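Below is one structure, written out as structure tokens; comments come after it.
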Amino acid sequence: MASEYTQILRERLRESSHDVQYIEPPFDDSIADLGKEWRSALAKLKFANSYRMEPLKKFQAHLVETKVQQVLKESLKDVKYDDKLFSHLSLELADRILSAVKELGYQRYKFIIKVLFIQKAGQAINVSSRWIWDVAWDSWVAAQHETETYVALALVFALYCE
């Protein structure tokens with residue numbers, strides 16, 4: 001168990017862009033039966049501040065829109081309108097879109113994915129969102145997939161975290 005946790009911790013540290021300042025053990029000395037490897041694996045990591053105020057790679061809306069459009073097209077090519085199915089499918093699509101956007105390699109961005117299914121029944125709909133954000137680094141993308149019976153709308157909000 002300890003070696004599995006240690007391996008996961010090492011993999012996450014490799015993916016991290018932060019520098020480790022020091023490691024603080026969470027246990028007191030009264031717990032003697034735990035090995036040194038286990039104690040170091042469960043230690044709290046303290047990260048040094050990078051003082052980075054702008055992203056290494058700025059969010060590129062046109063690339064993300066293309067990727068999201070591709071995910072919608074592949075996932076919904078043979079799907080017919082079903083309100084019971086769409087409640088579960090919207091969660092799956094949001095996860096697929098999030099994975100696809102993360103593959104593009106935008107570091108220090110938080111993504112909010114919203115997927116809407118709208119049945120075509122002769123009605124009109126307005127979708128609006130409000131955000132307080134930094135216009136220099138934060139952005140959003142909308143992509144849609146339309147069939148005879150429904151419209152699928154995916155919104156991706158990218159928020160840069162300093």
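Residue numbering restarts at 1 for every chain of the structure tokens, chains are lettered A, B, ... in their displayed order, and ligands are numbered from 1 as they appear.
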Which residues are close to segment 115-117 of chain A, i.e. within 9 Å by only C-alpha atoms, leaving aside same-chain residues fewer than 5 positions away? Reply as a short mmCIF file (atom, residue, chain, number, x, y, z; two decimals) with N, CA and C atoms, in the first residue's frame.
data_model
loop_
_atom_site.label_atom_id
_atom_site.label_comp_id
_atom_site.auth_asym_id
_atom_site.auth_seq_id
_atom_site.Cartn_x
_atom_site.Cartn_y
_atom_site.Cartn_z
N TYR A 81 -32.99 11.84 -29.66
CA TYR A 81 -33.42 12.57 -28.47
C TYR A 81 -34.09 11.64 -27.46
N ASP A 83 -34.81 12.27 -23.18
CA ASP A 83 -34.52 13.10 -22.01
C ASP A 83 -33.91 12.30 -20.86
N PHE A 86 -30.17 11.76 -21.83
CA PHE A 86 -29.37 12.98 -21.87
C PHE A 86 -28.91 13.47 -20.50
N SER A 87 -29.63 13.14 -19.45
CA SER A 87 -29.17 13.55 -18.11
C SER A 87 -27.85 12.88 -17.76
N SER A 90 -24.97 14.02 -20.59
CA SER A 90 -24.36 15.34 -20.41
C SER A 90 -23.16 15.28 -19.47
N LEU A 91 -23.24 14.44 -18.43
CA LEU A 91 -22.09 14.27 -17.52
C LEU A 91 -20.92 13.59 -18.22
N LEU A 93 -20.29 13.56 -21.46
CA LEU A 93 -19.74 14.50 -22.44
C LEU A 93 -18.87 15.55 -21.78
N ALA A 94 -19.31 16.06 -20.63
CA ALA A 94 -18.50 17.05 -19.92
C ALA A 94 -17.15 16.46 -19.52
N TYR A 150 -32.82 17.70 -31.71
CA TYR A 150 -32.22 18.39 -30.57
C TYR A 150 -30.97 19.18 -30.99
N VAL A 151 -30.57 20.05 -30.09
CA VAL A 151 -29.31 20.79 -30.23
C VAL A 151 -28.51 20.53 -28.96
N ALA A 152 -27.25 20.15 -29.13
CA ALA A 152 -26.35 19.98 -27.99
C ALA A 152 -25.41 21.17 -27.97
N LEU A 153 -25.33 21.85 -26.85
CA LEU A 153 -24.49 23.03 -26.69
C LEU A 153 -23.47 22.76 -25.60
N ALA A 154 -22.20 22.93 -25.91
CA ALA A 154 -21.14 22.75 -24.92
C ALA A 154 -20.43 24.08 -24.72
N LEU A 155 -20.31 24.49 -23.46
CA LEU A 155 -19.61 25.72 -23.09
C LEU A 155 -18.39 25.35 -22.27
N VAL A 156 -17.24 25.90 -22.64
CA VAL A 156 -16.00 25.66 -21.92
C VAL A 156 -15.49 27.02 -21.43
#
Please identify which residues in segment 43-133 of chain A DSSP calls alpha helix (DSSP H) from the backbone, and express them as a PyMOL selection string.
chain A and resi 61-75+83-102
Can you tell me how far atom CA of Val135 of chain A sits from atom CA of Leu104 of chain A, in Å to one decimal?
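Those two atoms sit 20.7 Å apart.
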Quote the spacing between atom CA of Leu76 of chain A and atom CA of Glu146 of chain A in Å to one decimal place.
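So the two atoms, atom CA of Leu76 of chain A and atom CA of Glu146 of chain A, lie 9.4 Å apart.
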Which distance in Å separates atom CA of Val79 of chain A and atom CA of Thr149 of chain A, to one decimal?
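Going from atom CA of Val79 of chain A over to atom CA of Thr149 of chain A covers 10.0 Å.
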Within 10 Å of Gln69 of chain A, counting only C-alpha atoms, which residues show up once you throw out same-chain ones fewer than 2 positions away? Write them as a list in words, please.
Leu63, Val64, Glu65, Thr66, Lys67, Val71, Leu72, Lys73, Glu74, Ser75, Ile97, Ala142, Ala143, Gln144, His145, Leu153 and Ala154 of chain A
Output N, CA, C and O atoms of each residue in that selection to a file, as a PDB file, in the first residue's frame.
ATOM      1  N   LEU A  63      -8.512  26.549 -31.149  1.00  0.00           N
ATOM      2  CA  LEU A  63      -8.087  25.151 -31.036  1.00  0.00           C
ATOM      3  C   LEU A  63      -9.036  24.362 -30.138  1.00  0.00           C
ATOM      4  O   LEU A  63      -9.396  23.222 -30.435  1.00  0.00           O
ATOM      5  N   VAL A  64      -9.437  24.972 -29.047  1.00  0.00           N
ATOM      6  CA  VAL A  64     -10.346  24.310 -28.111  1.00  0.00           C
ATOM      7  C   VAL A  64     -11.715  24.114 -28.758  1.00  0.00           C
ATOM      8  O   VAL A  64     -12.334  23.057 -28.614  1.00  0.00           O
ATOM      9  N   GLU A  65     -12.185  25.105 -29.483  1.00  0.00           N
ATOM     10  CA  GLU A  65     -13.485  24.986 -30.151  1.00  0.00           C
ATOM     11  C   GLU A  65     -13.474  23.834 -31.155  1.00  0.00           C
ATOM     12  O   GLU A  65     -14.433  23.056 -31.227  1.00  0.00           O
ATOM     13  N   THR A  66     -12.404  23.698 -31.904  1.00  0.00           N
ATOM     14  CA  THR A  66     -12.288  22.597 -32.860  1.00  0.00           C
ATOM     15  C   THR A  66     -12.305  21.252 -32.146  1.00  0.00           C
ATOM     16  O   THR A  66     -12.980  20.320 -32.580  1.00  0.00           O
ATOM     17  N   LYS A  67     -11.570  21.160 -31.045  1.00  0.00           N
ATOM     18  CA  LYS A  67     -11.499  19.916 -30.269  1.00  0.00           C
ATOM     19  C   LYS A  67     -12.863  19.565 -29.672  1.00  0.00           C
ATOM     20  O   LYS A  67     -13.302  18.408 -29.734  1.00  0.00           O
ATOM     21  N   VAL A  71     -15.335  16.299 -30.402  1.00  0.00           N
ATOM     22  CA  VAL A  71     -15.854  15.411 -29.362  1.00  0.00           C
ATOM     23  C   VAL A  71     -17.375  15.303 -29.462  1.00  0.00           C
ATOM     24  O   VAL A  71     -17.937  14.204 -29.369  1.00  0.00           O
ATOM     25  N   LEU A  72     -18.050  16.421 -29.660  1.00  0.00           N
ATOM     26  CA  LEU A  72     -19.510  16.395 -29.805  1.00  0.00           C
ATOM     27  C   LEU A  72     -19.942  15.585 -31.021  1.00  0.00           C
ATOM     28  O   LEU A  72     -20.869  14.770 -30.937  1.00  0.00           O
ATOM     29  N   LYS A  73     -19.262  15.775 -32.123  1.00  0.00           N
ATOM     30  CA  LYS A  73     -19.627  15.068 -33.355  1.00  0.00           C
ATOM     31  C   LYS A  73     -19.431  13.569 -33.207  1.00  0.00           C
ATOM     32  O   LYS A  73     -20.298  12.780 -33.592  1.00  0.00           O
ATOM     33  N   GLU A  74     -18.303  13.156 -32.619  1.00  0.00           N
ATOM     34  CA  GLU A  74     -18.026  11.726 -32.439  1.00  0.00           C
ATOM     35  C   GLU A  74     -18.976  11.083 -31.431  1.00  0.00           C
ATOM     36  O   GLU A  74     -19.429   9.957 -31.624  1.00  0.00           O
ATOM     37  N   SER A  75     -19.290  11.780 -30.374  1.00  0.00           N
ATOM     38  CA  SER A  75     -20.105  11.207 -29.302  1.00  0.00           C
ATOM     39  C   SER A  75     -21.591  11.176 -29.631  1.00  0.00           C
ATOM     40  O   SER A  75     -22.322  10.331 -29.118  1.00  0.00           O
ATOM     41  N   ILE A  97     -15.014  16.116 -22.735  1.00  0.00           N
ATOM     42  CA  ILE A  97     -14.549  17.437 -23.181  1.00  0.00           C
ATOM     43  C   ILE A  97     -13.437  17.934 -22.272  1.00  0.00           C
ATOM     44  O   ILE A  97     -12.424  18.459 -22.744  1.00  0.00           O
ATOM     45  N   ALA A 142     -17.767  28.196 -27.100  1.00  0.00           N
ATOM     46  CA  ALA A 142     -19.052  27.525 -27.287  1.00  0.00           C
ATOM     47  C   ALA A 142     -18.993  26.687 -28.553  1.00  0.00           C
ATOM     48  O   ALA A 142     -18.455  27.118 -29.573  1.00  0.00           O
ATOM     49  N   ALA A 143     -19.521  25.467 -28.461  1.00  0.00           N
ATOM     50  CA  ALA A 143     -19.604  24.586 -29.626  1.00  0.00           C
ATOM     51  C   ALA A 143     -20.964  23.898 -29.591  1.00  0.00           C
ATOM     52  O   ALA A 143     -21.499  23.635 -28.510  1.00  0.00           O
ATOM     53  N   GLN A 144     -21.517  23.628 -30.767  1.00  0.00           N
ATOM     54  CA  GLN A 144     -22.829  22.986 -30.797  1.00  0.00           C
ATOM     55  C   GLN A 144     -22.885  21.890 -31.843  1.00  0.00           C
ATOM     56  O   GLN A 144     -22.131  21.905 -32.820  1.00  0.00           O
ATOM     57  N   HIS A 145     -23.769  20.949 -31.571  1.00  0.00           N
ATOM     58  CA  HIS A 145     -24.051  19.853 -32.499  1.00  0.00           C
ATOM     59  C   HIS A 145     -25.564  19.820 -32.674  1.00  0.00           C
ATOM     60  O   HIS A 145     -26.308  19.741 -31.701  1.00  0.00           O
ATOM     61  N   LEU A 153     -25.332  21.853 -26.846  1.00  0.00           N
ATOM     62  CA  LEU A 153     -24.493  23.029 -26.694  1.00  0.00           C
ATOM     63  C   LEU A 153     -23.465  22.764 -25.597  1.00  0.00           C
ATOM     64  O   LEU A 153     -23.846  22.387 -24.484  1.00  0.00           O
ATOM     65  N   ALA A 154     -22.202  22.929 -25.905  1.00  0.00           N
ATOM     66  CA  ALA A 154     -21.136  22.751 -24.925  1.00  0.00           C
ATOM     67  C   ALA A 154     -20.430  24.082 -24.717  1.00  0.00           C
ATOM     68  O   ALA A 154     -20.013  24.728 -25.681  1.00  0.00           O
TER      69      ALA A 154
END
Within segment 38-111 of chain A, find each residue whose DSSP state, derived from the backbone, is strand (DSSP E), and express the selection as a list in words.
Lys44, Leu45, Lys46, Phe47, Tyr109, Lys110 and Phe111 of chain A
